[in-house]
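A short worksheet on the structure shown next.
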Amino acid sequence: MILYFTGTGNSKFVADYLAEKLDDEVVSLNKIIKKAEYPVLESDKPYVIVAPIYAWRLPAVVEDALKNIQFNGCKSAYCIVTMGENSGNADKYIKKIISDKGMSFTGYIGVVMQNNYLFMEKMPKPLDAVKKLNKVVSELDKIVAAIKEEKVLKKQDK
């Protein structure tokens with residue numbers, strides 16, 4: 001089961017891509033957070049959490065939701081973050097949340113997306129954006145292969 005939170009669409013893109021390649025279900029954390037009703041989830045496949053990095057962590061609302069959701073079935077969870085440059089210590093915080101739920105934390109990796117913090121960055125030229133997206137898809141294909149083989153994902157920052 002792929003759970004995602006998105007602010008600008010980067011993490012939704014990643015979640016949808018992973019779901020298609022892994023033949024898995026997608027669940028929007030945005031909708032869960034908005035309702036403030038935390039479900040009991042059931043999955044036979046590993047849980048894959050996809051979220052952006054905000055100030056070198058997962059968004060606080062995502063961390064709170066993950067603490068309140070009950071995860072049944074598979075006891076393995078991956079975390080894939082979308083980011084501009086690096087993810088700080090987000091891996092340590094999400095690992096603790098997953099471990100506190102009695103689950104196995106099977107890896108964490110960051111995917112560098114187009115930085116969309118427009119106060120600090122200019123929008124890329126269309127050709128540059130396409131090149132960056134092609135690189136992202138190539139990275140996602142490697143992540144898909146690792147998840148299919150049940151390999152541990154290792155943190156990689158720029």
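Quick note on naming: the chains in the structure tokens go A, B, ... in the order shown, residues restart at 1 in each chain, and ligands are numbered from 1 in order of appearance.
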
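All residues in segment 31-113 of chain A with a DSSP state of alpha helix (DSSP H), computed from the backbone, read Lys31, Ile32, Ile33, Lys34, Lys35, Ala60, Val61, Val62, Glu63, Asp64, Ala65, Leu66, Lys67, Asn68, Ala90, Asp91, Lys92, Tyr93, Ile94, Lys95, Lys96, Ile97, Ile98, Ser99 and Asp100 of chain A.
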
Include N, CA and C atoms and write out the residues we just selected as an mmCIF file, in the first residue's frame.
data_model
loop_
_atom_site.group_PDB
_atom_site.id
_atom_site.type_symbol
_atom_site.label_atom_id
_atom_site.label_comp_id
_atom_site.auth_asym_id
_atom_site.auth_seq_id
_atom_site.Cartn_x
_atom_site.Cartn_y
_atom_site.Cartn_z
ATOM 1 N N LYS A 31 -6.214 13.342 2.452
ATOM 2 C CA LYS A 31 -7.630 13.134 2.763
ATOM 3 C C LYS A 31 -7.819 12.646 4.197
ATOM 4 N N ILE A 32 -6.948 11.764 4.646
ATOM 5 C CA ILE A 32 -7.030 11.253 6.019
ATOM 6 C C ILE A 32 -6.806 12.393 7.006
ATOM 7 N N ILE A 33 -5.800 13.201 6.745
ATOM 8 C CA ILE A 33 -5.477 14.325 7.638
ATOM 9 C C ILE A 33 -6.615 15.335 7.665
ATOM 10 N N LYS A 34 -7.188 15.617 6.510
ATOM 11 C CA LYS A 34 -8.278 16.601 6.418
ATOM 12 C C LYS A 34 -9.481 16.152 7.245
ATOM 13 N N LYS A 35 -9.802 14.846 7.203
ATOM 14 C CA LYS A 35 -10.936 14.310 7.961
ATOM 15 C C LYS A 35 -10.610 14.136 9.441
ATOM 16 N N ALA A 60 4.885 17.781 9.890
ATOM 17 C CA ALA A 60 4.385 17.372 11.207
ATOM 18 C C ALA A 60 3.033 16.675 11.103
ATOM 19 N N VAL A 61 2.173 17.117 10.190
ATOM 20 C CA VAL A 61 0.854 16.478 10.040
ATOM 21 C C VAL A 61 0.989 15.042 9.544
ATOM 22 N N VAL A 62 2.028 14.767 8.758
ATOM 23 C CA VAL A 62 2.271 13.403 8.276
ATOM 24 C C VAL A 62 2.746 12.534 9.429
ATOM 25 N N GLU A 63 3.698 13.039 10.196
ATOM 26 C CA GLU A 63 4.189 12.270 11.344
ATOM 27 C C GLU A 63 3.048 11.962 12.307
ATOM 28 N N ASP A 64 2.199 12.956 12.594
ATOM 29 C CA ASP A 64 1.062 12.733 13.498
ATOM 30 C C ASP A 64 0.101 11.686 12.933
ATOM 31 N N ALA A 65 -0.192 11.768 11.637
ATOM 32 C CA ALA A 65 -1.101 10.793 11.025
ATOM 33 C C ALA A 65 -0.532 9.385 11.125
ATOM 34 N N LEU A 66 0.753 9.239 10.817
ATOM 35 C CA LEU A 66 1.371 7.911 10.870
ATOM 36 C C LEU A 66 1.350 7.340 12.287
ATOM 37 N N LYS A 67 1.470 8.189 13.274
ATOM 38 C CA LYS A 67 1.401 7.732 14.671
ATOM 39 C C LYS A 67 0.006 7.232 15.025
ATOM 40 N N ASN A 68 -1.023 7.778 14.365
ATOM 41 C CA ASN A 68 -2.408 7.456 14.714
ATOM 42 C C ASN A 68 -3.051 6.392 13.834
ATOM 43 N N ALA A 90 15.308 13.431 8.630
ATOM 44 C CA ALA A 90 13.950 12.886 8.493
ATOM 45 C C ALA A 90 13.934 11.369 8.635
ATOM 46 N N ASP A 91 14.983 10.702 8.159
ATOM 47 C CA ASP A 91 15.029 9.241 8.237
ATOM 48 C C ASP A 91 14.991 8.743 9.673
ATOM 49 N N LYS A 92 15.654 9.445 10.568
ATOM 50 C CA LYS A 92 15.680 9.018 11.976
ATOM 51 C C LYS A 92 14.299 9.147 12.621
ATOM 52 N N TYR A 93 13.586 10.226 12.293
ATOM 53 C CA TYR A 93 12.256 10.433 12.873
ATOM 54 C C TYR A 93 11.253 9.416 12.361
ATOM 55 N N ILE A 94 11.260 9.150 11.049
ATOM 56 C CA ILE A 94 10.298 8.191 10.500
ATOM 57 C C ILE A 94 10.637 6.773 10.958
ATOM 58 N N LYS A 95 11.916 6.466 11.087
ATOM 59 C CA LYS A 95 12.309 5.139 11.579
ATOM 60 C C LYS A 95 11.763 4.914 12.979
ATOM 61 N N LYS A 96 11.822 5.926 13.825
ATOM 62 C CA LYS A 96 11.304 5.800 15.197
ATOM 63 C C LYS A 96 9.789 5.584 15.185
ATOM 64 N N ILE A 97 9.089 6.342 14.355
ATOM 65 C CA ILE A 97 7.630 6.187 14.284
ATOM 66 C C ILE A 97 7.267 4.762 13.854
ATOM 67 N N ILE A 98 7.931 4.272 12.815
ATOM 68 C CA ILE A 98 7.642 2.923 12.309
ATOM 69 C C ILE A 98 8.006 1.870 13.358
ATOM 70 N N SER A 99 9.170 2.017 13.976
ATOM 71 C CA SER A 99 9.612 1.057 15.002
ATOM 72 C C SER A 99 8.671 1.057 16.199
ATOM 73 N N ASP A 100 8.213 2.243 16.619
ATOM 74 C CA ASP A 100 7.285 2.341 17.756
ATOM 75 C C ASP A 100 5.966 1.648 17.470
#

Running DSSP on the backbone, which parts of chain A land in strand (DSSP E), as a PyMOL selection string? chain A and resi 2-4+26-28+40-43+47-52+70-73+76-83+104-112

Name the closest residue to Lys148 of chain A among the candidates A:Ala19, A:Leu41, A:Met123, A:Met113; distances are taken between atoms, counting only C-alpha atoms.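 Of all the options, A:Ala19 lies closest to Lys148 of chain A.
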
Quick one: residues within 10 Å of Ile147 of chain A, only C-alpha atoms, excluding same-chain residues fewer than 4 positions away - as a PyMOL selection string? chain A and resi 18+22+45-46+48+78+106-107+141-143+151-153

Go ahead and save the picked residues with C-alpha atoms, as a JSON list (two decimals), in the first residue's frame.
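Saved to out_36.json:
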[["chain", "number", "residue", "atom", "x", "y", "z"],
["A", 18, "LEU", "CA", 5.27, 3.44, -7.71],
["A", 22, "LEU", "CA", 4.27, -2.26, -8.06],
["A", 45, "LYS", "CA", 2.48, -5.85, 0.62],
["A", 46, "PRO", "CA", 4.97, -3.53, 2.34],
["A", 48, "VAL", "CA", 5.40, 2.66, 1.22],
["A", 78, "TYR", "CA", 9.57, 1.94, 3.30],
["A", 106, "THR", "CA", 12.95, -1.43, 5.50],
["A", 107, "GLY", "CA", 14.49, 1.68, 4.13],
["A", 141, "ASP", "CA", 12.66, 2.41, -11.52],
["A", 142, "LYS", "CA", 15.63, 1.44, -9.32],
["A", 143, "ILE", "CA", 13.51, 1.96, -6.20],
["A", 151, "LYS", "CA", 15.88, -5.02, -0.45],
["A", 152, "VAL", "CA", 16.59, -2.39, 2.16],
["A", 153, "LEU", "CA", 16.68, 1.14, 0.77]]

Show me, as a PyMOL selection string, the residues that have an atom within 7 Å of segment 8-12 of chain A when counting only C-alpha atoms, minus same-chain residues fewer than 4 positions from it. chain A and resi 4+16+50-52+82

Which one is closest to Phe105 of chain A: A:Ser138, A:Lys154, A:Ile69, A:Met83? Count only C-alpha atoms. A:Lys154

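Using only C-alpha atoms, the shortest contact distance between Ser87 of chain A and any of A:Ala36, A:Ile53, A:Lys132, A:Tyr47 is found at A:Ile53.
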
Determine the nearest neighbour of Gly88 of chain A from the options A:Ala55, A:Val40, A:Leu127, A:Cys74, counting only C-alpha atoms. A:Ala55

All residues 7 Å or closer to Lys155 of chain A, only C-alpha atoms, same chain fewer than 2 positions away omitted, as a PDB file with all heavy atoms, in the first residue's frame:
ATOM      1  N   TYR A 108      14.795   3.911   3.506  1.00  0.00           N
ATOM      2  CA  TYR A 108      14.483   5.324   3.309  1.00  0.00           C
ATOM      3  C   TYR A 108      15.369   5.847   2.186  1.00  0.00           C
ATOM      4  O   TYR A 108      16.569   5.560   2.144  1.00  0.00           O
ATOM      5  CB  TYR A 108      14.815   6.060   4.609  1.00  0.00           C
ATOM      6  CG  TYR A 108      14.735   7.556   4.541  1.00  0.00           C
ATOM      7  CD1 TYR A 108      13.601   8.213   4.997  1.00  0.00           C
ATOM      8  CD2 TYR A 108      15.779   8.321   4.050  1.00  0.00           C
ATOM      9  CE1 TYR A 108      13.518   9.585   4.958  1.00  0.00           C
ATOM     10  CE2 TYR A 108      15.703   9.706   4.010  1.00  0.00           C
ATOM     11  CZ  TYR A 108      14.567  10.324   4.464  1.00  0.00           C
ATOM     12  OH  TYR A 108      14.491  11.687   4.427  1.00  0.00           O
ATOM     13  N   ILE A 109      14.765   6.571   1.282  1.00  0.00           N
ATOM     14  CA  ILE A 109      15.554   7.170   0.206  1.00  0.00           C
ATOM     15  C   ILE A 109      14.889   8.475  -0.230  1.00  0.00           C
ATOM     16  O   ILE A 109      13.660   8.591  -0.207  1.00  0.00           O
ATOM     17  CB  ILE A 109      15.718   6.190  -0.979  1.00  0.00           C
ATOM     18  CG1 ILE A 109      16.828   6.642  -1.902  1.00  0.00           C
ATOM     19  CG2 ILE A 109      14.429   5.976  -1.712  1.00  0.00           C
ATOM     20  CD1 ILE A 109      17.333   5.563  -2.833  1.00  0.00           C
ATOM     21  N   GLY A 110      15.727   9.425  -0.586  1.00  0.00           N
ATOM     22  CA  GLY A 110      15.238  10.701  -1.087  1.00  0.00           C
ATOM     23  C   GLY A 110      15.342  10.765  -2.595  1.00  0.00           C
ATOM     24  O   GLY A 110      16.300  10.273  -3.185  1.00  0.00           O
ATOM     25  N   LEU A 153      16.285  -0.106   1.433  1.00  0.00           N
ATOM     26  CA  LEU A 153      16.684   1.144   0.770  1.00  0.00           C
ATOM     27  C   LEU A 153      17.595   1.906   1.715  1.00  0.00           C
ATOM     28  O   LEU A 153      17.348   1.989   2.904  1.00  0.00           O
ATOM     29  CB  LEU A 153      15.463   1.997   0.447  1.00  0.00           C
ATOM     30  CG  LEU A 153      14.473   1.438  -0.562  1.00  0.00           C
ATOM     31  CD1 LEU A 153      13.288   2.376  -0.708  1.00  0.00           C
ATOM     32  CD2 LEU A 153      15.140   1.207  -1.900  1.00  0.00           C
ATOM     33  N   ASP A 157      21.560  11.269   0.100  1.00  0.00           N
ATOM     34  CA  ASP A 157      21.303  12.688  -0.119  1.00  0.00           C
ATOM     35  C   ASP A 157      22.363  13.220  -1.049  1.00  0.00           C
ATOM     36  O   ASP A 157      23.441  12.637  -1.195  1.00  0.00           O
ATOM     37  CB  ASP A 157      21.336  13.471   1.201  1.00  0.00           C
ATOM     38  CG  ASP A 157      20.026  13.357   1.971  1.00  0.00           C
ATOM     39  OD1 ASP A 157      19.011  12.959   1.385  1.00  0.00           O
ATOM     40  OD2 ASP A 157      20.025  13.677   3.165  1.00  0.00           O
TER      41      ASP A 157
END

Just the number, please: distance in Å from atom CA of Leu58 of chain A to atom CA of Lys101 of chain A, one decimal. 17.2 Å

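Candidate residues A:Leu3, A:Val81, A:Gly73, A:Val27 were compared for distance to Ile49 of chain A, and the nearest is A:Leu3, using only C-alpha atoms.
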
Could you check how far atom CA of Leu133 of chain A sits from atom CA of Val112 of chain A, in Å to one decimal?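 Atom CA of Val112 of chain A lies 9.7 Å from atom CA of Leu133 of chain A.
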
For Phe71 of chain A, the closest of A:Arg57, A:Glu42, A:Asn134, A:Val111 counting only C-alpha atoms is A:Glu42
